[in-house]
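Source file: my_file-v8.pdb; contents: PDB, C-alpha atoms.
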```
MODEL        1
ATOM      1  CA  MET N   8      81.304  92.998 128.829
ATOM      2  CA  ASN N   9      80.120  96.521 127.981
ATOM      3  CA  ILE N  10      82.173  97.118 124.880
ATOM      4  CA  TYR N  11      81.266 100.799 124.718
ATOM      5  CA  LYS N  12      82.558 101.531 128.210
ATOM      6  CA  VAL N  13      85.761  99.720 127.338
ATOM      7  CA  LEU N  14      86.128 101.670 124.097
ATOM      8  CA  GLU N  15      85.511 104.949 125.905
ATOM      9  CA  GLU N  16      88.256 104.088 128.373
ATOM     10  CA  ALA N  17      90.614 103.152 125.532
ATOM     11  CA  ILE N  18      89.958 106.376 123.633
ATOM     12  CA  LYS N  19      90.456 108.562 126.705
ATOM     13  CA  SER N  20      93.676 106.853 127.793
ATOM     14  CA  ASP N  21      97.034 108.268 126.705
ATOM     15  CA  CYS N  22      98.786 105.010 127.659
ATOM     16  CA  ILE N  23      99.498 102.972 124.544
ATOM     17  CA  GLU N  24      99.727  99.723 126.523
ATOM     18  CA  GLN N  25      96.258 100.361 127.936
ATOM     19  CA  LYS N  26      94.860 101.174 124.507
ATOM     20  CA  GLU N  27      96.350  97.968 123.143
ATOM     21  CA  LYS N  28      95.010  95.774 125.950
ATOM     22  CA  LEU N  29      91.491  97.212 125.714
ATOM     23  CA  THR N  30      91.447  97.109 121.914
ATOM     24  CA  GLN N  31      92.369  93.432 121.939
ATOM     25  CA  GLN N  32      89.667  92.740 124.525
ATOM     26  CA  CYS N  33      87.055  94.392 122.302
ATOM     27  CA  LEU N  34      88.287  92.620 119.192
ATOM     28  CA  GLU N  35      88.178  89.234 120.900
ATOM     29  CA  TYR N  36      84.680  89.960 122.241
ATOM     30  CA  CYS N  37      83.346  91.068 118.851
ATOM     31  CA  SER N  38      84.897  88.046 117.142
ATOM     32  CA  LYS N  39      82.862  85.755 119.417
ATOM     33  CA  ASN N  40      79.517  87.588 119.176
ATOM     34  CA  ASP N  41      77.230  88.045 116.179
ATOM     35  CA  PHE N  42      75.303  90.881 117.820
ATOM     36  CA  ILE N  43      76.253  93.469 120.416
ATOM     37  CA  SER N  44      73.473  95.432 122.072
ATOM     38  CA  SER N  45      73.759  99.206 122.280
ATOM     39  CA  HIS N  46      70.499  99.639 124.202
ATOM     40  CA  GLY N  47      70.642 102.755 126.375
ATOM     41  CA  PHE N  48      74.050 103.760 125.054
ATOM     42  CA  ASN N  49      74.724 107.367 124.052
ATOM     43  CA  PRO N  50      78.282 108.151 122.978
ATOM     44  CA  ILE N  51      79.898 111.196 124.519
ATOM     45  CA  LEU N  52      81.602 113.821 122.383
ATOM     46  CA  PHE N  53      85.229 114.038 123.412
ATOM     47  CA  LYS N  54      86.194 117.669 124.055
ATOM     48  CA  GLU N  55      89.933 117.161 123.710
ATOM     49  CA  PRO N  56      92.256 114.529 122.244
ATOM     50  CA  SER N  57      93.710 111.870 124.518
ATOM     51  CA  TYR N  58      97.252 113.149 123.850
ATOM     52  CA  ILE N  59      96.473 116.587 125.283
ATOM     53  CA  ASN N  60      98.617 115.992 128.395
ATOM     54  CA  ARG N  61     101.485 114.461 126.430
ATOM     55  CA  CYS N  62     101.881 116.904 123.562
ATOM     56  CA  ARG N  63     101.855 120.664 123.094
ATOM     57  CA  VAL N  64      99.117 121.336 120.566
ATOM     58  CA  VAL N  65      99.649 124.224 118.136
ATOM     59  CA  VAL N  66      98.105 125.416 114.898
ATOM     60  CA  PRO N  67      99.677 123.803 111.794
ATOM     61  CA  LYS N  68     101.486 126.959 110.663
ATOM     62  CA  GLU N  69     103.524 126.930 113.886
ATOM     63  CA  LEU N  70     105.061 123.552 113.063
ATOM     64  CA  LYS N  71     108.600 123.666 111.696
ATOM     65  CA  ASN N  72     109.423 122.400 108.225
ATOM     66  CA  ARG N  73     111.048 118.971 108.298
ATOM     67  CA  LYS N  74     113.945 119.131 105.825
ATOM     68  CA  ASP N  75     117.178 118.266 107.647
ATOM     69  CA  PHE N  76     117.266 114.499 108.072
ATOM     70  CA  ASP N  77     121.048 114.245 108.514
ATOM     71  CA  THR N  78     120.902 114.992 112.229
ATOM     72  CA  LYS N  79     119.146 112.875 114.850
ATOM     73  CA  GLU N  80     116.916 115.784 115.822
ATOM     74  CA  GLY N  81     116.033 116.530 112.215
ATOM     75  CA  LEU N  82     115.079 112.916 111.546
ATOM     76  CA  ALA N  83     113.252 112.757 114.880
ATOM     77  CA  THR N  84     110.978 115.644 113.902
ATOM     78  CA  LEU N  85     109.836 113.637 110.873
ATOM     79  CA  VAL N  86     109.420 110.424 112.858
ATOM     80  CA  HIS N  87     107.509 112.309 115.549
ATOM     81  CA  ALA N  88     105.089 113.752 112.998
ATOM     82  CA  ILE N  89     104.333 110.252 111.696
ATOM     83  CA  VAL N  90     104.095 108.857 115.244
ATOM     84  CA  HIS N  91     101.463 111.493 115.951
ATOM     85  CA  ILE N  92      99.466 110.530 112.864
ATOM     86  CA  GLU N  93      99.530 106.876 113.891
ATOM     87  CA  TYR N  94      98.570 107.695 117.481
ATOM     88  CA  SER N  95      95.662 109.819 116.243
ATOM     89  CA  ALA N  96      94.622 107.027 113.888
ATOM     90  CA  ILE N  97      94.288 104.628 116.837
ATOM     91  CA  ASP N  98      91.683 106.842 118.474
ATOM     92  CA  LEU N  99      89.928 107.478 115.163
ATOM     93  CA  ALA N 100      89.532 103.746 114.518
ATOM     94  CA  LEU N 101      88.284 103.113 118.053
ATOM     95  CA  ASP N 102      85.898 106.055 117.803
ATOM     96  CA  ALA N 103      84.469 104.661 114.558
ATOM     97  CA  VAL N 104      83.279 101.656 116.565
ATOM     98  CA  TYR N 105      82.295 103.569 119.694
ATOM     99  CA  ARG N 106      80.331 106.365 117.999
ATOM    100  CA  PHE N 107      78.297 104.366 115.520
ATOM    101  CA  PRO N 108      77.014 101.330 117.460
ATOM    102  CA  LYS N 109      74.220 100.414 115.038
ATOM    103  CA  MET N 110      76.680  99.305 112.362
ATOM    104  CA  PRO N 111      77.109  95.561 111.698
ATOM    105  CA  ILE N 112      79.505  93.397 113.671
ATOM    106  CA  GLU N 113      81.739  93.128 110.583
ATOM    107  CA  TYR N 114      82.168  96.901 110.683
ATOM    108  CA  LYS N 115      83.200  96.764 114.338
ATOM    109  CA  ILE N 116      85.739  94.031 113.672
ATOM    110  CA  ASP N 117      87.163  95.916 110.694
ATOM    111  CA  TRP N 118      87.889  99.080 112.672
ATOM    112  CA  LEU N 119      89.159  97.250 115.729
ATOM    113  CA  GLU N 120      91.598  95.453 113.413
ATOM    114  CA  VAL N 121      92.603  98.839 112.019
ATOM    115  CA  ALA N 122      93.165 100.152 115.545
ATOM    116  CA  ASN N 123      95.354  97.116 116.271
ATOM    117  CA  ASP N 124      97.431  97.845 113.159
ATOM    118  CA  GLU N 125      97.786 101.522 114.078
ATOM    119  CA  ILE N 126      98.983 100.559 117.572
ATOM    120  CA  ARG N 127     101.657  98.352 115.999
ATOM    121  CA  HIS N 128     102.678 101.169 113.647
ATOM    122  CA  TYR N 129     102.895 103.552 116.590
ATOM    123  CA  ASN N 130     105.062 101.128 118.572
ATOM    124  CA  MET N 131     107.514 100.611 115.703
ATOM    125  CA  LEU N 132     107.880 104.334 115.112
ATOM    126  CA  ASN N 133     108.021 105.255 118.785
ATOM    127  CA  GLU N 134     110.817 102.725 119.360
ATOM    128  CA  LEU N 135     112.769 104.429 116.575
ATOM    129  CA  LEU N 136     111.989 107.833 118.066
ATOM    130  CA  ILE N 137     113.309 106.706 121.460
ATOM    131  CA  ASP N 138     116.468 105.325 119.835
ATOM    132  CA  LEU N 139     116.963 108.771 118.291
ATOM    133  CA  GLY N 140     116.884 110.216 121.809
ATOM    134  CA  PHE N 141     113.358 111.604 121.843
ATOM    135  CA  SER N 142     109.843 110.532 122.809
ATOM    136  CA  TYR N 143     106.251 111.175 121.803
ATOM    137  CA  GLY N 144     105.592 114.702 123.015
ATOM    138  CA  SER N 145     109.124 115.991 122.365
ATOM    139  CA  PHE N 146     107.819 118.213 119.561
ATOM    140  CA  PRO N 147     104.577 120.169 119.143
ATOM    141  CA  VAL N 148     101.688 118.683 117.174
ATOM    142  CA  HIS N 149      98.430 119.839 115.624
ATOM    143  CA  SER N 150      94.986 118.389 116.288
ATOM    144  CA  GLY N 151      93.731 118.199 112.696
ATOM    145  CA  LEU N 152      92.642 114.562 112.761
ATOM    146  CA  PHE N 153      90.948 114.925 116.137
ATOM    147  CA  ASP N 154      89.111 118.007 114.869
ATOM    148  CA  ALA N 155      87.969 116.032 111.811
ATOM    149  CA  SER N 156      86.620 113.286 114.069
ATOM    150  CA  VAL N 157      84.614 115.869 116.027
ATOM    151  CA  ASP N 158      83.303 117.456 112.826
ATOM    152  CA  THR N 159      82.091 114.080 111.534
ATOM    153  CA  SER N 160      80.797 112.785 114.871
ATOM    154  CA  LYS N 161      77.115 112.955 113.918
ATOM    155  CA  ASN N 162      77.245 111.493 110.427
ATOM    156  CA  ILE N 163      78.821 108.129 109.695
ATOM    157  CA  LEU N 164      78.746 108.615 105.918
ATOM    158  CA  GLU N 165      80.768 111.785 106.331
ATOM    159  CA  ARG N 166      83.091 109.996 108.760
ATOM    160  CA  MET N 167      83.862 107.262 106.219
ATOM    161  CA  ALA N 168      84.305 109.815 103.441
ATOM    162  CA  ILE N 169      86.530 112.203 105.376
ATOM    163  CA  ILE N 170      88.716 109.982 107.581
ATOM    164  CA  PRO N 171      89.603 106.835 105.597
ATOM    165  CA  ARG N 172      88.684 108.010 102.097
ATOM    166  CA  TYR N 173      90.272 111.432 102.368
ATOM    167  CA  TYR N 174      92.860 111.692 105.142
ATOM    168  CA  GLU N 175      94.106 108.101 105.177
ATOM    169  CA  ALA N 176      94.008 107.961 101.381
ATOM    170  CA  SER N 177      96.107 111.133 101.323
ATOM    171  CA  GLY N 178      98.690 109.170 103.296
ATOM    172  CA  LEU N 179      98.940 106.783 100.350
ATOM    173  CA  ASP N 180      99.936 109.761  98.208
ATOM    174  CA  VAL N 181     102.435 111.165 100.702
ATOM    175  CA  ASN N 182     104.145 108.008 101.975
ATOM    176  CA  PRO N 183     106.054 107.187  98.746
ATOM    177  CA  GLN N 184     107.145 110.830  98.471
ATOM    178  CA  ILE N 185     108.667 110.704 101.955
ATOM    179  CA  ILE N 186     110.471 107.459 101.127
ATOM    180  CA  LYS N 187     111.774 109.040  97.919
ATOM    181  CA  LYS N 188     113.243 111.956  99.888
ATOM    182  CA  LEU N 189     114.902 109.559 102.321
ATOM    183  CA  GLU N 190     116.362 107.157  99.747
ATOM    184  CA  ASN N 191     119.692 109.000  99.297
ATOM    185  CA  LYS N 192     120.279 108.666 103.054
ATOM    186  CA  ARG N 193     119.330 104.980 103.228
ATOM    187  CA  LYS N 194     122.904 104.084 104.261
ATOM    188  CA  LEU N 195     122.188 105.665 107.647
ATOM    189  CA  PRO N 196     120.815 102.864 109.897
ATOM    190  CA  MET N 197     118.068 105.023 111.451
ATOM    191  CA  VAL N 198     116.901 106.208 108.036
ATOM    192  CA  LYS N 199     116.833 102.636 106.720
ATOM    193  CA  ARG N 200     114.713 101.629 109.715
ATOM    194  CA  LEU N 201     112.274 104.434 108.991
ATOM    195  CA  ILE N 202     112.021 103.476 105.313
ATOM    196  CA  ASP N 203     111.340  99.844 106.259
ATOM    197  CA  ILE N 204     108.605 100.933 108.701
ATOM    198  CA  LEU N 205     107.047 103.257 106.144
ATOM    199  CA  ASN N 206     106.870 100.410 103.618
ATOM    200  CA  ILE N 207     105.006  98.248 106.159
ATOM    201  CA  ILE N 208     102.617 101.098 106.952
ATOM    202  CA  TYR N 209     102.047 101.798 103.260
ATOM    203  CA  ASP N 210     100.903  98.250 102.470
ATOM    204  CA  GLU N 211      98.616  98.084 105.497
ATOM    205  CA  GLU N 212      97.135 101.539 104.962
ATOM    206  CA  ILE N 213      95.889 100.420 101.551
ATOM    207  CA  VAL N 214      93.829  97.812 103.412
ATOM    208  CA  HIS N 215      92.585 100.447 105.869
ATOM    209  CA  VAL N 216      91.452 102.778 103.101
ATOM    210  CA  LYS N 217      89.807  99.827 101.362
ATOM    211  CA  LYS N 218      87.796  99.109 104.515
ATOM    212  CA  GLY N 219      86.691 102.735 104.568
ATOM    213  CA  ASP N 220      85.741 102.462 100.911
ATOM    214  CA  ILE N 221      83.679  99.320 101.522
ATOM    215  CA  TRP N 222      81.718 100.887 104.385
ATOM    216  CA  PHE N 223      81.287 104.202 102.569
ATOM    217  CA  LYS N 224      79.732 102.348  99.639
ATOM    218  CA  TYR N 225      77.696 100.138 101.992
ATOM    219  CA  LEU N 226      76.137 103.270 103.496
ATOM    220  CA  CYS N 227      75.535 104.810 100.069
ATOM    221  CA  ASP N 228      73.851 101.624  98.816
ATOM    222  CA  LYS N 229      71.753 101.394 101.959
ATOM    223  CA  ASP N 230      70.290 104.861 101.339
ATOM    224  CA  SER N 231      70.307 104.649  97.515
ATOM    225  CA  LEU N 232      72.930 107.371  97.227
ATOM    226  CA  ASP N 233      75.251 107.780  94.263
ATOM    227  CA  TYR N 234      78.922 107.340  95.183
ATOM    228  CA  SER N 235      79.597 110.790  93.719
ATOM    229  CA  ILE N 236      78.205 112.222  96.962
ATOM    230  CA  TYR N 237      81.807 111.782  98.103
ATOM    231  CA  PHE N 238      82.729 114.991  96.290
ATOM    232  CA  LYS N 239      79.791 116.889  97.734
ATOM    233  CA  ILE N 240      80.962 115.875 101.191
ATOM    234  CA  LEU N 241      84.565 116.906 100.482
ATOM    235  CA  ASN N 242      83.333 120.215  99.110
ATOM    236  CA  SER N 243      81.226 120.843 102.218
ATOM    237  CA  TYR N 244      84.440 120.483 104.267
ATOM    238  CA  ASN N 245      86.391 122.739 101.879
ATOM    239  CA  LEU N 246      88.702 119.867 100.975
ATOM    240  CA  LEU N 247      88.316 119.895  97.199
ATOM    241  CA  THR N 248      90.206 123.150  96.826
ATOM    242  CA  LYS N 249      93.484 121.661  98.050
ATOM    243  CA  TYR N 250      96.095 121.103  95.343
ATOM    244  CA  ARG N 251      97.111 117.445  95.020
ATOM    245  CA  PRO N 252     100.451 117.143  93.206
ATOM    246  CA  HIS N 253     100.939 113.400  93.752
ATOM    247  CA  VAL N 254      97.852 111.233  93.431
ATOM    248  CA  ASN N 255      98.875 107.595  93.923
ATOM    249  CA  VAL N 256      96.711 106.003  91.266
ATOM    250  CA  GLU N 257      97.849 102.411  91.815
ATOM    251  CA  ALA N 258      97.392 102.417  95.602
ATOM    252  CA  ARG N 259      94.096 104.278  95.486
ATOM    253  CA  GLN N 260      92.697 101.884  92.884
ATOM    254  CA  LYS N 261      93.641  98.943  95.117
ATOM    255  CA  ALA N 262      91.778 100.743  97.909
ATOM    256  CA  GLY N 263      88.599 101.059  95.842
ATOM    257  CA  PHE N 264      88.804 104.430  94.098
ATOM    258  CA  SER N 265      87.459 104.551  90.553
ATOM    259  CA  CYS N 266      89.278 106.202  87.656
ATOM    260  CA  LEU N 267      86.535 108.801  87.482
ATOM    261  CA  GLU N 268      87.169 109.736  91.107
ATOM    262  CA  LEU N 269      90.936 109.837  90.670
ATOM    263  CA  GLU N 270      90.726 112.040  87.597
ATOM    264  CA  LYS N 271      88.524 114.460  89.486
ATOM    265  CA  LEU N 272      90.767 114.419  92.543
ATOM    266  CA  GLY N 273      94.072 114.933  90.784
ATOM    267  CA  ASN N 274      93.389 116.135  87.254
ATOM    268  CA  ILE N 275      95.197 113.067  85.902
ATOM    269  CA  ASP N 276      94.719 110.396  83.294
ATOM    270  CA  CYS N 277      93.673 107.065  84.761
ATOM    271  CA  LYS N 278      93.270 103.697  83.065
TER     272      LYS N 278
ENDMDL
END
```

Starting from the coordinates I provided, produce the structure as structure tokens.
Amino acid sequence: MNIYKVLEEAIKSDCIEQKEKLTQQCLEYCSKNDFISSHGFNPILFKEPSYINRCRVVVPKELKNRKDFDTKEGLATLVHAIVHIEYSAIDLALDAVYRFPKMPIEYKIDWLEVANDEIRHYNMLNELLIDLGFSYGSFPVHSGLFDASVDTSKNILERMAIIPRYYEASGLDVNPQIIKKLENKRKLPMVKRLIDILNIIYDEEIVHVKKGDIWFKYLCDKDSLDYSIYFKILNSYNLLTKYRPHVNVEARQKAGFSCLELEKLGNIDCK
């Protein structure tokens, strides 16, 4: 089995069933092999996201604010936005394995497991979206996560810092805030379903960020780099200037962030 050809096919496909089947094949293969050769393999740089034919891609400022959750369409816009994040996260996890073949087998298994989780998250949310009368692609999306994967395609340390330790960790801050906004509408069955799904995603995303933290620190230790290089990387991507009103100290600490990092990220007291 040429795992890299399989991964390339999975990343390019916009069929979630195909992504799931190929991801499970790769995970099973990696679980049975201590070493996977990458001799002669050169990863391609994907020029467009796999959802390009399913979704209308716009710049973020063109996306509508999601405030009205009382109507099916209003709730669907929120669900769709989260569906898109989960779909993008599938390709990001697969690309982490595909693009950096020299990493240990444990790294490959970690990110294939993450991809498997993201597929399950996508399926739960997409089922809810369909029950609301919509589907993935019903609303426009932006390509921010795909763009970040392209920007970090040549540097695995930057990839681990930017994707799991910045963007996915930001999800740990945002998720509880979304649930809080939905709580007063919990009596609505569709809203309750979304809250239940978000709670599942929240717990599992802590594990995902933790995996990113472990491999970020592994790479730093390997090259004798101080972990504070994280902030230099964020600054080089102009990500330190963004205001962070809700830093989830508890979740981020579980995921490996130190108090020093959290205080610098959110201007907060941390114990």

Suppose you want the space between atom CA of Glu113 of chain N and atom CA of Glu175 of chain N; what is it in Å?
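Value for the atom CA of Glu113 of chain N-atom CA of Glu175 of chain N distance: 20.2 Å.
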
Rows by chain and residue number, segment 46-150 of chain N within 9 Å of segment 203-220 of chain N, shortest pair, all atoms listed in the file, as CSV:
```
residue,atom,partner,partner_atom,distance
N:Tyr114,CA,N:Lys218,CA,8.6
N:Asp117,CA,N:Lys218,CA,7.0
N:Trp118,CA,N:Lys218,CA,8.2
N:Val121,CA,N:His215,CA,6.4
N:Asp124,CA,N:Glu211,CA,7.8
N:Glu125,CA,N:Ile208,CA,8.6
N:His128,CA,N:Ile208,CA,6.7
N:Met131,CA,N:Ile204,CA,7.1
N:Leu132,CA,N:Ile204,CA,7.3
```

Cut-off 10 Å around (79.1, 89.4, 116.2) with all atoms listed in the file: residues as a VMD selection string:
chain N and resid 36 to 43 111 to 116

What would the list of residues within 12 Å of (109.6, 114.9, 125.0) (file frame) look like as a ChimeraX atom specification, if only C-alpha atoms are what count?
/N:60-63,80,83-84,87,133,136-137,139-148

Check the smallest atom-to-atom distance from each of N:Val198, N:Ile221, N:Ile10, N:Val254 to Gln184 of chain N using all atoms listed in the file, then report the winner.
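Between N:Val198, N:Ile221, N:Ile10, N:Val254, the residue approaching Gln184 of chain N most closely is N:Val254.
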
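Nearest-residue note for Leu152 of chain N: choosing from N:Ile236, N:Met197, N:Leu99, N:Ala258, the minimum distance belongs to N:Leu99, counting all atoms listed in the file.
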
Rounded to one decimal place, report the atom CA of Asp102 of chain N-atom CA of Tyr11 of chain N distance in Å.
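Between these atoms lies a distance of 9.8 Å.
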
For Asn274 of chain N, which of N:Gln31, N:Gln260, N:Ala176, N:Arg251 is the closest residue, counting only C-alpha atoms?
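Among N:Gln31, N:Gln260, N:Ala176, N:Arg251, it is N:Arg251 that comes nearest to Asn274 of chain N.
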
What is the distance between atom CA of Leu267 of chain N and atom CA of Ile92 of chain N, in Å to one decimal?
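Separation of atom CA of Leu267 of chain N and atom CA of Ile92 of chain N: 28.5 Å.
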
Fix up segment 239-249 of chain N with all heavy atoms, then write it as a short mmCIF file (atom, residue, chain, number, x, y, z; two decimals), in the frame of the given file.
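part-v4.cif written:
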```cif
data_model
loop_
_atom_site.label_atom_id
_atom_site.label_comp_id
_atom_site.auth_asym_id
_atom_site.auth_seq_id
_atom_site.Cartn_x
_atom_site.Cartn_y
_atom_site.Cartn_z
N LYS N 239 80.62 115.89 97.06
CA LYS N 239 79.79 116.89 97.73
C LYS N 239 80.21 117.01 99.19
O LYS N 239 80.24 118.11 99.76
CB LYS N 239 78.31 116.51 97.62
CG LYS N 239 77.76 116.58 96.20
CD LYS N 239 76.29 116.19 96.17
CE LYS N 239 75.74 116.24 94.75
NZ LYS N 239 74.32 115.84 94.69
N ILE N 240 80.52 115.86 99.80
CA ILE N 240 80.96 115.88 101.19
C ILE N 240 82.31 116.58 101.31
O ILE N 240 82.49 117.44 102.18
CB ILE N 240 81.04 114.43 101.74
CG1 ILE N 240 79.65 113.82 101.82
CG2 ILE N 240 81.70 114.42 103.12
CD1 ILE N 240 79.65 112.33 102.14
N LEU N 241 83.26 116.24 100.44
CA LEU N 241 84.56 116.91 100.48
C LEU N 241 84.41 118.41 100.29
O LEU N 241 85.06 119.20 100.98
CB LEU N 241 85.49 116.35 99.39
CG LEU N 241 85.98 114.92 99.51
CD1 LEU N 241 87.08 114.66 98.50
CD2 LEU N 241 86.48 114.60 100.91
N ASN N 242 83.54 118.79 99.38
CA ASN N 242 83.33 120.22 99.11
C ASN N 242 82.74 120.92 100.32
O ASN N 242 83.10 122.06 100.63
CB ASN N 242 82.42 120.39 97.90
CG ASN N 242 82.43 121.81 97.38
OD1 ASN N 242 83.48 122.40 97.17
ND2 ASN N 242 81.25 122.37 97.17
N SER N 243 81.84 120.23 101.04
CA SER N 243 81.23 120.84 102.22
C SER N 243 82.25 121.06 103.34
O SER N 243 82.03 121.88 104.22
CB SER N 243 80.07 119.97 102.73
OG SER N 243 80.54 118.77 103.32
N TYR N 244 83.36 120.31 103.29
CA TYR N 244 84.44 120.48 104.27
C TYR N 244 85.60 121.31 103.70
O TYR N 244 86.68 121.35 104.29
CB TYR N 244 84.95 119.11 104.72
CG TYR N 244 84.06 118.43 105.74
CD1 TYR N 244 82.91 117.76 105.34
CD2 TYR N 244 84.34 118.48 107.09
CE1 TYR N 244 82.08 117.13 106.26
CE2 TYR N 244 83.52 117.86 108.03
CZ TYR N 244 82.39 117.19 107.60
OH TYR N 244 81.57 116.57 108.52
N ASN N 245 85.37 121.92 102.54
CA ASN N 245 86.39 122.74 101.88
C ASN N 245 87.68 121.97 101.61
O ASN N 245 88.79 122.49 101.74
CB ASN N 245 86.71 123.99 102.73
CG ASN N 245 85.53 124.91 102.86
OD1 ASN N 245 84.83 125.20 101.88
ND2 ASN N 245 85.28 125.37 104.07
N LEU N 246 87.53 120.70 101.22
CA LEU N 246 88.70 119.87 100.98
C LEU N 246 89.00 119.66 99.49
O LEU N 246 90.05 119.14 99.14
CB LEU N 246 88.51 118.50 101.65
CG LEU N 246 88.46 118.52 103.18
CD1 LEU N 246 88.12 117.14 103.72
CD2 LEU N 246 89.78 119.02 103.76
N LEU N 247 88.09 120.06 98.63
CA LEU N 247 88.32 119.90 97.20
C LEU N 247 89.22 120.97 96.62
O LEU N 247 89.74 120.81 95.52
CB LEU N 247 86.98 119.90 96.44
CG LEU N 247 86.26 118.55 96.34
CD1 LEU N 247 84.97 118.72 95.56
CD2 LEU N 247 87.13 117.50 95.70
N THR N 248 89.41 122.04 97.35
CA THR N 248 90.21 123.15 96.83
C THR N 248 91.70 122.93 97.00
O THR N 248 92.52 123.66 96.45
CB THR N 248 89.84 124.46 97.56
OG1 THR N 248 90.05 124.28 98.97
CG2 THR N 248 88.39 124.81 97.31
N LYS N 249 92.08 121.88 97.77
CA LYS N 249 93.48 121.66 98.05
C LYS N 249 94.18 121.01 96.86
O LYS N 249 93.73 120.03 96.31
CB LYS N 249 93.64 120.80 99.31
CG LYS N 249 93.09 121.49 100.55
CD LYS N 249 93.48 120.78 101.81
CE LYS N 249 93.00 121.55 103.04
NZ LYS N 249 93.42 120.93 104.29
#
```
